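Containing JSON, C-alpha atoms and all ligand atoms: protein_22.json.
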```json
[["chain", "number", "residue", "atom", "x", "y", "z"],
["A", 206, "MET", "CA", -178.87, 43.11, -64.50],
["A", 207, "ARG", "CA", -177.32, 45.76, -62.30],
["A", 208, "ARG", "CA", -180.10, 45.46, -59.72],
["A", 209, "LEU", "CA", -179.64, 41.71, -59.63],
["A", 210, "ALA", "CA", -175.91, 41.99, -59.12],
["A", 211, "ASP", "CA", -176.41, 44.63, -56.42],
["A", 212, "GLN", "CA", -178.92, 42.48, -54.56],
["A", 213, "ALA", "CA", -176.71, 39.45, -54.92],
["A", 214, "LEU", "CA", -173.71, 41.19, -53.49],
["A", 215, "ARG", "CA", -175.30, 43.26, -50.75],
["A", 216, "PRO", "CA", -173.25, 42.94, -47.58],
["A", 217, "SER", "CA", -174.91, 41.07, -44.78],
["A", 218, "ASN", "CA", -172.73, 42.41, -41.98],
["A", 219, "GLU", "CA", -172.07, 45.84, -40.52],
["A", 220, "ASP", "CA", -168.42, 45.74, -41.54],
["A", 221, "GLY", "CA", -169.41, 45.44, -45.19],
["A", 222, "THR", "CA", -168.57, 41.77, -45.55],
["A", 223, "CYS", "CA", -170.83, 39.00, -46.82],
["A", 224, "ARG", "CA", -171.04, 35.57, -45.26],
["A", 225, "THR", "CA", -173.56, 34.12, -47.66],
["A", 226, "LEU", "CA", -173.49, 35.23, -51.25],
["A", 227, "ARG", "CA", -176.06, 34.48, -53.89],
["A", 228, "ARG", "CA", -174.79, 34.52, -57.44],
["A", 229, "PRO", "CA", -176.86, 36.47, -59.98],
["A", 230, "HIS", "CA", -177.95, 33.13, -61.42],
["A", 231, "GLY", "CA", -179.15, 31.81, -58.09],
["A", 232, "ARG", "CA", -176.21, 29.73, -56.87],
["A", 233, "VAL", "CA", -175.54, 30.09, -53.16],
["A", 234, "GLU", "CA", -172.01, 30.20, -51.83],
["A", 235, "PRO", "CA", -171.41, 27.58, -49.16],
["A", 236, "HIS", "CA", -171.74, 28.72, -45.53],
["A", 237, "GLY", "CA", -168.39, 29.12, -43.88],
["A", 238, "SER", "CA", -166.56, 30.42, -46.97],
["A", 239, "PRO", "CA", -164.42, 33.40, -45.91],
["A", 240, "PRO", "CA", -166.25, 36.75, -46.07],
["A", 241, "LEU", "CA", -165.52, 38.86, -49.13],
["A", 242, "PRO", "CA", -164.53, 42.45, -48.41],
["A", 243, "ARG", "CA", -166.15, 45.40, -50.16],
["A", 244, "ALA", "CA", -162.97, 47.52, -50.26],
["A", 245, "PRO", "CA", -159.68, 46.23, -51.70],
["A", 246, "HIS", "CA", -157.85, 46.99, -48.46],
["A", 247, "PRO", "CA", -158.84, 47.95, -44.91],
["A", 248, "VAL", "CA", -158.88, 51.55, -43.68],
["A", 249, "LEU", "CA", -155.29, 52.77, -43.46],
["A", 250, "GLY", "CA", -155.47, 54.91, -40.32],
["A", 251, "ARG", "CA", -151.99, 56.32, -40.85],
["A", 252, "TYR", "CA", -153.34, 58.32, -43.83],
["A", 253, "TYR", "CA", -157.03, 59.02, -43.16],
["A", 254, "ALA", "CA", -159.66, 58.42, -40.49],
["A", 255, "GLY", "CA", -162.40, 55.87, -41.26],
["A", 256, "SER", "CA", -163.72, 54.62, -44.58],
["A", 257, "ARG", "CA", -165.31, 57.99, -45.35],
["A", 258, "GLY", "CA", -161.88, 59.62, -45.31],
["A", 259, "ARG", "CA", -160.52, 57.28, -48.01],
["A", 260, "ALA", "CA", -161.85, 58.95, -51.20],
["A", 261, "PRO", "CA", -161.06, 62.56, -50.14],
["A", 262, "PHE", "CA", -157.51, 61.50, -49.18],
["A", 263, "VAL", "CA", -156.94, 59.58, -52.44],
["A", 264, "ASP", "CA", -158.32, 62.49, -54.51],
["A", 265, "TRP", "CA", -156.09, 64.96, -52.68],
["A", 266, "LEU", "CA", -153.01, 62.70, -53.06],
["A", 267, "PHE", "CA", -153.43, 62.28, -56.83],
["A", 268, "ASP", "CA", -154.23, 65.97, -57.33],
["A", 269, "ALA", "CA", -151.09, 66.91, -55.41],
["A", 270, "THR", "CA", -148.77, 64.49, -57.22],
["A", 271, "ALA", "CA", -150.27, 64.66, -60.73],
["A", 272, "PRO", "CA", -147.42, 66.73, -62.27],
["A", 273, "ARG", "CA", -144.88, 64.15, -61.02],
["A", 274, "TYR", "CA", -146.94, 61.01, -61.58],
["A", 275, "GLU", "CA", -145.31, 60.01, -64.86],
["A", 276, "LEU", "CA", -141.84, 60.35, -63.37],
["A", 277, "VAL", "CA", -142.87, 57.96, -60.58],
["A", 278, "CYS", "CA", -144.24, 55.54, -63.21],
["A", 279, "ARG", "CA", -141.01, 55.65, -65.23],
["A", 280, "LEU", "CA", -138.94, 54.96, -62.11],
["A", 281, "LEU", "CA", -141.29, 52.20, -61.00],
["A", 282, "SER", "CA", -141.39, 50.39, -64.34],
["A", 283, "PHE", "CA", -137.78, 51.18, -65.37],
["A", 284, "GLY", "CA", -139.19, 52.84, -68.49],
["A", 285, "SER", "CA", -141.16, 49.81, -69.70],
["A", 286, "GLY", "CA", -144.60, 51.23, -68.86],
["A", 287, "ALA", "CA", -145.82, 52.18, -72.37],
["A", 288, "TRP", "CA", -144.59, 48.94, -73.92],
["A", 289, "TYR", "CA", -146.11, 46.85, -71.12],
["A", 290, "ARG", "CA", -149.50, 48.60, -71.24],
["A", 291, "ARG", "CA", -149.64, 48.14, -75.03],
["A", 292, "SER", "CA", -148.81, 44.45, -74.88],
["A", 293, "ALA", "CA", -151.31, 43.83, -72.04],
["A", 294, "LEU", "CA", -154.04, 45.50, -74.12],
["A", 295, "ARG", "CA", -153.17, 43.32, -77.12],
["A", 296, "ARG", "CA", -153.13, 40.17, -74.96],
["A", 297, "ALA", "CA", -156.62, 41.09, -73.72],
["A", 298, "GLY", "CA", -157.82, 41.31, -77.33],
["A", 299, "LEU", "CA", -157.92, 45.06, -78.08],
["A", 300, "ALA", "CA", -158.11, 45.55, -81.83],
["A", 301, "GLU", "CA", -158.96, 48.28, -84.35],
["A", 302, "GLY", "CA", -162.63, 49.18, -84.53],
["A", 303, "MET", "CA", -163.25, 48.72, -80.78],
["A", 304, "THR", "CA", -164.25, 51.31, -78.17],
["A", 305, "LEU", "CA", -162.46, 51.42, -74.82],
["A", 306, "LEU", "CA", -163.19, 53.09, -71.47],
["A", 307, "ASP", "CA", -160.17, 53.55, -69.22],
["A", 308, "ILE", "CA", -161.27, 53.79, -65.56],
["A", 309, "GLY", "CA", -158.80, 55.55, -63.27],
["A", 310, "ALA", "CA", -157.14, 56.97, -66.37],
["A", 311, "GLY", "CA", -154.74, 59.21, -64.44],
["A", 312, "THR", "CA", -152.48, 61.10, -66.83],
["A", 313, "GLY", "CA", -153.65, 58.91, -69.71],
["A", 314, "LEU", "CA", -150.89, 56.30, -69.99],
["A", 315, "VAL", "CA", -153.30, 53.46, -70.86],
["A", 316, "ALA", "CA", -155.40, 55.69, -73.13],
["A", 317, "ARG", "CA", -152.25, 56.60, -75.09],
["A", 318, "ALA", "CA", -151.23, 52.94, -75.38],
["A", 319, "ALA", "CA", -154.77, 52.08, -76.54],
["A", 320, "LEU", "CA", -154.70, 54.83, -79.16],
["A", 321, "ASP", "CA", -151.52, 53.30, -80.63],
["A", 322, "ILE", "CA", -153.65, 50.21, -81.34],
["A", 323, "LEU", "CA", -157.07, 51.75, -82.12],
["A", 324, "ARG", "CA", -155.76, 54.78, -84.08],
["A", 325, "ARG", "CA", -159.09, 56.67, -83.83],
["A", 326, "SER", "CA", -159.35, 59.36, -81.14],
["A", 327, "GLY", "CA", -163.12, 58.85, -80.64],
["A", 328, "SER", "CA", -162.57, 55.22, -79.72],
["A", 329, "VAL", "CA", -161.06, 55.87, -76.28],
["A", 330, "ILE", "CA", -162.59, 57.61, -73.25],
["A", 331, "GLY", "CA", -160.73, 58.22, -70.01],
["A", 332, "LEU", "CA", -162.41, 58.57, -66.61],
["A", 333, "ASP", "CA", -160.85, 59.72, -63.34],
["A", 334, "PRO", "CA", -162.03, 61.57, -60.21],
["A", 335, "SER", "CA", -158.85, 63.64, -59.87],
["A", 336, "ALA", "CA", -159.02, 67.04, -61.58],
["A", 337, "GLY", "CA", -155.22, 67.30, -61.32],
["A", 338, "MET", "CA", -154.65, 64.00, -63.13],
["A", 339, "LEU", "CA", -157.14, 64.93, -65.85],
["A", 340, "ARG", "CA", -155.40, 68.30, -66.30],
["A", 341, "GLU", "CA", -152.11, 66.48, -66.95],
["A", 342, "ALA", "CA", -153.84, 63.99, -69.27],
["A", 343, "ARG", "CA", -155.27, 66.81, -71.41],
["A", 344, "LYS", "CA", -151.74, 68.08, -72.13],
["A", 345, "ALA", "CA", -150.89, 64.94, -74.14],
["A", 346, "LEU", "CA", -154.22, 63.45, -75.17],
["A", 347, "ALA", "CA", -157.00, 64.52, -77.50],
["A", 348, "VAL", "CA", -159.64, 62.03, -76.32],
["A", 349, "PRO", "CA", -162.75, 62.65, -74.20],
["A", 350, "LEU", "CA", -161.79, 62.76, -70.51],
["A", 351, "VAL", "CA", -164.56, 62.56, -67.94],
["A", 352, "GLN", "CA", -164.36, 63.35, -64.24],
["A", 353, "GLY", "CA", -166.04, 60.45, -62.45],
["A", 354, "ARG", "CA", -165.65, 57.33, -60.34],
["A", 355, "GLY", "CA", -165.51, 53.65, -61.13],
["A", 356, "GLU", "CA", -168.42, 52.96, -58.77],
["A", 357, "HIS", "CA", -170.81, 55.23, -60.75],
["A", 358, "LEU", "CA", -170.00, 55.16, -64.44],
["A", 359, "PRO", "CA", -171.83, 57.94, -66.32],
["A", 360, "PHE", "CA", -172.46, 55.80, -69.42],
["A", 361, "ARG", "CA", -175.37, 53.84, -70.81],
["A", 362, "ASP", "CA", -175.59, 50.03, -70.67],
["A", 363, "ASP", "CA", -173.72, 47.91, -73.25],
["A", 364, "ARG", "CA", -171.59, 50.83, -74.48],
["A", 365, "PHE", "CA", -167.93, 49.62, -74.68],
["A", 366, "HIS", "CA", -166.03, 46.70, -76.20],
["A", 367, "MET", "CA", -163.34, 46.86, -73.53],
["A", 368, "LEU", "CA", -162.72, 48.45, -70.13],
["A", 369, "THR", "CA", -159.42, 48.89, -68.35],
["A", 370, "ILE", "CA", -158.59, 49.57, -64.69],
["A", 371, "ALA", "CA", -154.83, 50.00, -64.51],
["A", 372, "TYR", "CA", -153.25, 50.41, -61.07],
["A", 373, "ALA", "CA", -156.46, 52.02, -59.83],
["A", 374, "LEU", "CA", -158.20, 48.98, -58.32],
["A", 375, "ARG", "CA", -156.48, 49.52, -54.96],
["A", 376, "HIS", "CA", -158.00, 53.00, -54.81],
["A", 377, "LEU", "CA", -161.62, 52.00, -55.42],
["A", 378, "PRO", "CA", -163.71, 52.10, -52.24],
["A", 379, "ASP", "CA", -166.08, 49.35, -53.39],
["A", 380, "LEU", "CA", -164.75, 46.55, -55.58],
["A", 381, "ARG", "CA", -168.04, 44.76, -56.09],
["A", 382, "GLY", "CA", -169.93, 47.98, -56.87],
["A", 383, "ALA", "CA", -167.29, 48.94, -59.43],
["A", 384, "PHE", "CA", -167.28, 45.49, -61.08],
["A", 385, "ALA", "CA", -171.10, 45.56, -61.31],
["A", 386, "GLU", "CA", -170.84, 48.95, -63.06],
["A", 387, "CYS", "CA", -168.17, 47.60, -65.41],
["A", 388, "LEU", "CA", -170.39, 44.70, -66.36],
["A", 389, "ARG", "CA", -173.30, 47.07, -67.02],
["A", 390, "VAL", "CA", -171.46, 49.37, -69.47],
["A", 391, "LEU", "CA", -169.67, 46.55, -71.35],
["A", 392, "LYS", "CA", -171.21, 45.14, -74.50],
["A", 393, "PRO", "CA", -172.07, 41.43, -74.25],
["A", 394, "GLY", "CA", -168.90, 39.56, -75.14],
["A", 395, "GLY", "CA", -166.76, 42.60, -74.16],
["A", 396, "SER", "CA", -163.92, 42.30, -71.66],
["A", 397, "LEU", "CA", -162.50, 43.99, -68.61],
["A", 398, "LEU", "CA", -158.72, 44.13, -68.14],
["A", 399, "VAL", "CA", -157.37, 44.93, -64.67],
["A", 400, "LEU", "CA", -153.65, 45.63, -64.26],
["A", 401, "GLU", "CA", -152.27, 45.71, -60.72],
["A", 402, "ILE", "CA", -149.17, 45.33, -58.63],
["A", 403, "SER", "CA", -149.61, 42.42, -56.23],
["A", 404, "ARG", "CA", -147.82, 41.78, -52.98],
["A", 405, "PRO", "CA", -144.91, 39.44, -53.85],
["A", 406, "SER", "CA", -145.24, 36.14, -52.04],
["A", 407, "GLY", "CA", -141.48, 35.60, -51.55],
["A", 408, "ALA", "CA", -139.83, 37.42, -48.63],
["A", 409, "VAL", "CA", -136.86, 38.68, -50.69],
["A", 410, "ARG", "CA", -139.01, 40.12, -53.50],
["A", 411, "ARG", "CA", -141.32, 41.66, -50.92],
["A", 412, "TRP", "CA", -138.40, 43.30, -49.13],
["A", 413, "LEU", "CA", -137.00, 44.62, -52.44],
["A", 414, "LEU", "CA", -140.32, 46.14, -53.58],
["A", 415, "ARG", "CA", -141.02, 47.63, -50.16],
["A", 416, "SER", "CA", -137.55, 49.21, -49.91],
["A", 417, "TYR", "CA", -137.78, 50.55, -53.47],
["A", 418, "LEU", "CA", -141.22, 52.12, -52.94],
["A", 419, "ARG", "CA", -140.75, 53.35, -49.38],
["A", 420, "ARG", "CA", -137.12, 54.52, -49.45],
["A", 421, "ILE", "CA", -135.33, 54.60, -52.80],
["A", 422, "LEU", "CA", -138.04, 55.99, -55.10],
["A", 423, "PRO", "CA", -138.93, 58.97, -52.86],
["A", 424, "LEU", "CA", -135.21, 59.80, -52.65],
["A", 425, "ILE", "CA", -134.66, 59.75, -56.43],
["A", 426, "ALA", "CA", -137.87, 61.71, -57.06],
["A", 427, "THR", "CA", -136.88, 64.35, -54.50],
["A", 428, "VAL", "CA", -133.43, 64.77, -56.06],
["A", 429, "GLN", "CA", -134.94, 65.14, -59.55],
["A", 430, "GLU", "CA", -138.06, 67.15, -58.76],
["A", 431, "GLY", "CA", -137.54, 68.79, -55.38],
["A", 432, "ARG", "CA", -139.64, 68.22, -52.29],
["A", 433, "GLY", "CA", -143.23, 67.27, -52.78],
["A", 434, "GLU", "CA", -145.78, 64.62, -51.95],
["A", 435, "VAL", "CA", -144.09, 61.96, -54.09],
["A", 436, "GLY", "CA", -142.66, 60.18, -51.02],
["A", 437, "LEU", "CA", -146.13, 60.05, -49.50],
["A", 438, "LEU", "CA", -147.56, 58.66, -52.76],
["A", 439, "THR", "CA", -145.03, 55.84, -53.03],
["A", 440, "ARG", "CA", -145.28, 54.97, -49.32],
["A", 441, "TYR", "CA", -149.07, 54.87, -49.69],
["A", 442, "TYR", "CA", -148.61, 52.67, -52.76],
["A", 443, "TRP", "CA", -146.66, 50.14, -50.77],
["A", 444, "ASP", "CA", -149.16, 50.11, -47.90],
["A", 445, "THR", "CA", -152.09, 49.56, -50.30],
["A", 446, "ILE", "CA", -150.15, 46.78, -52.07],
["A", 447, "GLU", "CA", -149.22, 45.12, -48.79],
["A", 448, "HIS", "CA", -152.80, 45.18, -47.45],
["A", 449, "CYS", "CA", -154.62, 44.52, -50.73],
["A", 450, "VAL", "CA", -156.98, 41.53, -50.92],
["A", 451, "SER", "CA", -155.52, 38.43, -52.56],
["A", 452, "ALA", "CA", -155.71, 37.59, -56.26],
["A", 453, "PRO", "CA", -158.22, 34.72, -55.66],
["A", 454, "THR", "CA", -160.47, 37.21, -53.83],
["A", 455, "ILE", "CA", -160.36, 39.62, -56.78],
["A", 456, "VAL", "CA", -161.15, 36.74, -59.15],
["A", 457, "LYS", "CA", -164.08, 35.72, -56.90],
["A", 458, "CYS", "CA", -165.43, 39.30, -56.82],
["A", 459, "LEU", "CA", -165.29, 39.44, -60.64],
["A", 460, "GLU", "CA", -167.15, 36.13, -60.91],
["A", 461, "LEU", "CA", -169.76, 37.18, -58.38],
["A", 462, "ALA", "CA", -170.34, 40.41, -60.30],
["A", 463, "GLY", "CA", -171.23, 38.20, -63.29],
["A", 464, "PHE", "CA", -168.00, 38.06, -65.31],
["A", 465, "ALA", "CA", -167.25, 34.82, -67.16],
["A", 466, "ARG", "CA", -163.92, 33.22, -68.17],
["A", 467, "VAL", "CA", -162.10, 35.14, -65.43],
["A", 468, "GLU", "CA", -158.34, 34.68, -65.56],
["A", 469, "HIS", "CA", -155.45, 35.90, -63.43],
["A", 470, "ARG", "CA", -151.91, 35.96, -64.82],
["A", 471, "LEU", "CA", -148.89, 36.83, -62.70],
["A", 472, "TYR", "CA", -145.57, 38.06, -64.12],
["A", 473, "GLY", "CA", -142.35, 38.44, -62.17],
["A", 474, "GLY", "CA", -144.11, 37.55, -58.92],
["A", 475, "CYS", "CA", -145.92, 40.89, -58.62],
["A", 476, "ILE", "CA", -147.34, 42.12, -61.96],
["A", 477, "SER", "CA", -150.96, 40.98, -62.12],
["A", 478, "GLU", "CA", -153.36, 40.91, -65.04],
["A", 479, "TYR", "CA", -157.02, 39.97, -64.54],
["A", 480, "VAL", "CA", -159.36, 39.49, -67.48],
["A", 481, "GLY", "CA", -163.10, 38.82, -67.37],
["A", 482, "VAL", "CA", -165.69, 38.65, -70.14],
["A", 483, "LYS", "CA", -169.29, 39.85, -70.04],
["A", 484, "PRO", "CA", -171.38, 36.83, -71.03],
["A", 485, "ALA", "CA", -173.09, 37.17, -74.40],
["A", 486, "ALA", "CA", -176.84, 37.83, -74.17],
["A", 487, "ARG", "CA", -178.88, 34.63, -74.08],
["A", 488, "MET", "CA", -180.46, 33.81, -77.45],
["A", 489, "ARG", "CA", -184.26, 34.08, -77.63],
["A", 490, "PRO", "CA", -185.94, 30.93, -79.01],
["A", 491, "ARG", "CA", -186.95, 31.56, -82.61],
["A", 492, "ARG", "CA", -190.74, 31.49, -83.11],
["A", 493, "ARG", "CA", -190.65, 29.92, -86.57],
["A", 494, "ALA", "CA", -188.50, 27.03, -85.40],
["A", 495, "THR", "CA", -190.89, 26.33, -82.49],
["A", 496, "ARG", "CA", -193.89, 26.36, -84.80],
["A", 497, "SER", "CA", -192.28, 23.99, -87.28],
["A", 498, "ARG", "CA", -191.25, 21.60, -84.45],
["A", 499, "ARG", "CA", -194.88, 21.57, -83.27],
["A", 500, "ARG", "CA", -196.00, 20.82, -86.79],
["A", 501, "VAL", "CA", -193.62, 17.86, -86.99],
["A", 502, "SER", "CA", -194.75, 16.34, -83.70],
["A", 503, "SER", "CA", -198.44, 16.78, -84.50],
["A", 504, "SER", "CA", -197.89, 14.82, -87.68],
["A", 505, "GLY", "CA", -197.09, 11.81, -85.55],
["A", 506, "ALA", "CA", -193.26, 11.91, -85.63],
["A", 507, "PRO", "CA", -191.62, 10.26, -82.61],
["A", 508, "GLY", "CA", -191.05, 12.50, -79.55],
["B", 601, "LIG", "C1", -151.96, 54.96, -59.93],
["B", 601, "LIG", "S1", -153.04, 55.94, -60.87],
["B", 601, "LIG", "C2", -153.18, 55.00, -62.37],
["B", 601, "LIG", "C3", -153.24, 55.85, -63.59],
["B", 601, "LIG", "C4", -153.25, 55.09, -64.93],
["B", 601, "LIG", "N1", -154.33, 54.15, -65.02],
["B", 601, "LIG", "C5", -151.95, 54.42, -65.22],
["B", 601, "LIG", "O1", -151.96, 53.31, -65.78],
["B", 601, "LIG", "O2", -150.89, 54.98, -64.96],
["B", 601, "LIG", "C6", -154.56, 55.62, -60.07],
["B", 601, "LIG", "C7", -155.70, 56.50, -60.54],
["B", 601, "LIG", "O3", -156.92, 56.03, -60.00],
["B", 601, "LIG", "C8", -157.73, 57.14, -59.76],
["B", 601, "LIG", "N2", -158.82, 56.80, -58.83],
["B", 601, "LIG", "C9", -158.86, 56.92, -57.49],
["B", 601, "LIG", "N3", -160.06, 56.58, -57.02],
["B", 601, "LIG", "C10", -160.82, 56.23, -58.08],
["B", 601, "LIG", "C11", -162.17, 55.79, -58.25],
["B", 601, "LIG", "N4", -162.99, 55.64, -57.20],
["B", 601, "LIG", "N5", -162.63, 55.55, -59.49],
["B", 601, "LIG", "C12", -161.80, 55.68, -60.56],
["B", 601, "LIG", "N6", -160.51, 56.09, -60.47],
["B", 601, "LIG", "C13", -160.02, 56.36, -59.24],
["B", 601, "LIG", "C14", -156.77, 58.19, -59.21],
["B", 601, "LIG", "O4", -157.28, 59.50, -59.27],
["B", 601, "LIG", "C15", -155.56, 57.96, -60.10],
["B", 601, "LIG", "O5", -155.55, 58.81, -61.20]]
```
In structure tokens, what does this structure look like?
Amino acid sequence: MRRLADQALRPSNEDGTCRTLRRPHGRVEPHGSPPLPRAPHPVLGRYYAGSRGRAPFVDWLFDATAPRYELVCRLLSFGSGAWYRRSALRRAGLAEGMTLLDIGAGTGLVARAALDILRRSGSVIGLDPSAGMLREARKALAVPLVQGRGEHLPFRDDRFHMLTIAYALRHLPDLRGAFAECLRVLKPGGSLLVLEISRPSGAVRRWLLRSYLRRILPLIATVQEGRGEVGLLTRYYWDTIEHCVSAPTIVKCLELAGFARVEHRLYGGCISEYVGVKPAARMRPRRRATRSRRRVSSSGAPG
């Protein structure tokens, strides 16, 4: 399945975009539909040079800010982060007895919220490329934490009931590659939940979020925690939000990767939830039934 999805989504142009896309099940996208980008946002030259510089910069940034990451989250969500993550997991169908992989786990905020629901420590695994973030996560979490990337998940096929990517989608270098990997490790019928901050469409909301992330938050964090890279983190946040591909593009990428029943919900103009389901495996025709049908028709029944 992975090979199919990879072939289907291989970029046809040098810049990594596709003009004609073939769905895994053979449907061809109409010519002239806008090209789908591989990365969630273009290269941000203010922070790193070229697409190869993206991952090293992002790893360095999260390593450097890991000890202050939860403070930034509290300030950004006005303290509602744990409650919101828990309710989003419930809305997506997380229930006791399931296994969950949290991609881009950071300091483990989603994993902790999931544990409140699942109650069994073996049921949650966190994955993140940043050693600094994982170090912080280990302080408060007793679940397996794996250093790795969303584009290459070190797990077997059909392993998890649910996957989460919370506020990490903007940092993935290859959306379609990551979604293909997600589909591979999900059990048939399992779901992927993506939480993100989207660029507000209204000018006033956009101005408020930009000012908060670029000016106010770095100031508060500096007063509370002293100088550090927090200002750089929140400025980078805003730039990745501002330049991120649109919600319909993310939905399209999920569908092209093979997800079914893809939904996007927007709260407060900028809190996005995407859910997609891995289609259940197709049923094999049962031999006995075929034989008995043959027997019926050979006895002269109509049809
Ligand atoms: C903003 S934090 C989100 C942490 C956590 N999910 C939460 O809800 O607070 C983004 C995380 O994505 C991770 N990340 C960056 N690139 C990644 C990649 N290619 N694959 C998986 N995670 C990645 C970063 O190291 C960072 O820990």
Surrounding residues as a tab-separated table (two decimals) with C-alpha atoms, in the coordinates of the input, ligand LIG 601 (chain B), max 7 Å, all atoms listed in the file:
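File written: part_3.tsv
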```
chain	number	residue	atom	x	y	z
A	260	ALA	CA	-161.85	58.95	-51.20
A	263	VAL	CA	-156.94	59.58	-52.44
A	264	ASP	CA	-158.32	62.49	-54.51
A	267	PHE	CA	-153.43	62.28	-56.83
A	278	CYS	CA	-144.24	55.54	-63.21
A	308	ILE	CA	-161.27	53.79	-65.56
A	309	GLY	CA	-158.80	55.55	-63.27
A	310	ALA	CA	-157.14	56.97	-66.37
A	311	GLY	CA	-154.74	59.21	-64.44
A	312	THR	CA	-152.48	61.10	-66.83
A	313	GLY	CA	-153.65	58.91	-69.71
A	314	LEU	CA	-150.89	56.30	-69.99
A	315	VAL	CA	-153.30	53.46	-70.86
A	332	LEU	CA	-162.41	58.57	-66.61
A	333	ASP	CA	-160.85	59.72	-63.34
A	334	PRO	CA	-162.03	61.57	-60.21
A	335	SER	CA	-158.85	63.64	-59.87
A	338	MET	CA	-154.65	64.00	-63.13
A	353	GLY	CA	-166.04	60.45	-62.45
A	354	ARG	CA	-165.65	57.33	-60.34
A	355	GLY	CA	-165.51	53.65	-61.13
A	356	GLU	CA	-168.42	52.96	-58.77
A	370	ILE	CA	-158.59	49.57	-64.69
A	371	ALA	CA	-154.83	50.00	-64.51
A	372	TYR	CA	-153.25	50.41	-61.07
A	373	ALA	CA	-156.46	52.02	-59.83
A	376	HIS	CA	-158.00	53.00	-54.81
A	377	LEU	CA	-161.62	52.00	-55.42
A	378	PRO	CA	-163.71	52.10	-52.24
```
Minimum-distance residue to Leu241 (chain A), chosen among A:Asp321, A:Glu341, A:Asp379, A:Asp363 (using all atoms listed in the file):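 Ranked by minimum distance to Leu241 (chain A), first place goes to A:Asp379.
Remark: for Leu306 (chain A), the closest of the candidate residues A:Gly327, A:Pro272, A:Pro453, A:Pro261 is A:Gly327 (distances computed over only C-alpha atoms).
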Å distance separating CA of Arg466 (chain A) from CA of Gly298 (chain A), one decimal place: 13.7 Å
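With CA of Leu249 (chain A) on one side and CA of Trp443 (chain A) on the other, the separation reads 11.6 Å.
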Non-local contacts of Arg295 (chain A) (10 Å; all atoms listed in the file; under 6 positions in same chain excluded) as a list in words: Tyr289, Ala318, Ala319 and Ile322 of chain A
Point-to-point distance in Å for CA of Lys483 (chain A) and CA of Gly302 (chain A): 18.5 Å
Local residues around (-173.3, 53.1, -61.7), at most 9 Å away, using all atoms listed in the file, as a list in words: Arg207, Arg354, Gly355, Glu356, His357, Leu358, Pro359, Phe360, Gly382, Ala383, Ala385, Glu386, Cys387, Arg389 and Val390 of chain A
Counting all atoms listed in the file, the option among A:Val329, A:Ala465, A:Ile402, A:Leu339 closest to His448 (chain A): A:Ile402
Residue nearest Trp265 (chain A) - candidates A:Phe365, A:Thr454, A:Ala287, A:Tyr253, atoms counted: all atoms listed in the file: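 The answer is A:Tyr253, which sits nearest to Trp265 (chain A).
Among the candidates A:Ala271, A:Ile476, A:Val351, A:Leu459, the residue lying nearest to Ile446 (chain A) is A:Ile476 (atoms considered: all atoms listed in the file).
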Shell around Leu266 (chain A) at 10 Å using only C-alpha atoms, local window under 6 positions removed, as a ChimeraX atom specification: /A:260,335,337,434-435,437-438,441
Selection from above, C-alpha atoms, as a PDB file, in the frame of the given file, can you write it?
```pdb
ATOM      1  CA  ALA A 260    -161.850  58.950 -51.200  1.00  0.00           C
ATOM      2  CA  SER A 335    -158.850  63.640 -59.870  1.00  0.00           C
ATOM      3  CA  GLY A 337    -155.220  67.300 -61.320  1.00  0.00           C
ATOM      4  CA  GLU A 434    -145.780  64.620 -51.950  1.00  0.00           C
ATOM      5  CA  VAL A 435    -144.090  61.960 -54.090  1.00  0.00           C
ATOM      6  CA  LEU A 437    -146.130  60.050 -49.500  1.00  0.00           C
ATOM      7  CA  LEU A 438    -147.560  58.660 -52.760  1.00  0.00           C
ATOM      8  CA  TYR A 441    -149.070  54.870 -49.690  1.00  0.00           C
TER       9      TYR A 441
END
```
Pick from A:Ala408, A:Ala336, A:Lys392, A:Leu400 nearest to Ser292 (chain A), counting only C-alpha atoms: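 So, comparing all the options, the nearest one is A:Leu400.
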Please give the centre and size of the box around region 267-279 of chain A (axis-aligned, containing every atom listed in the file, 6 Å added per side), with values in Å to one decimal and written as lines of an AutoDock Vina configuration file.
```
center_x = -147.6
center_y = 61.2
center_z = -60.3
size_x = 25.2
size_y = 23.4
size_z = 21.8
```
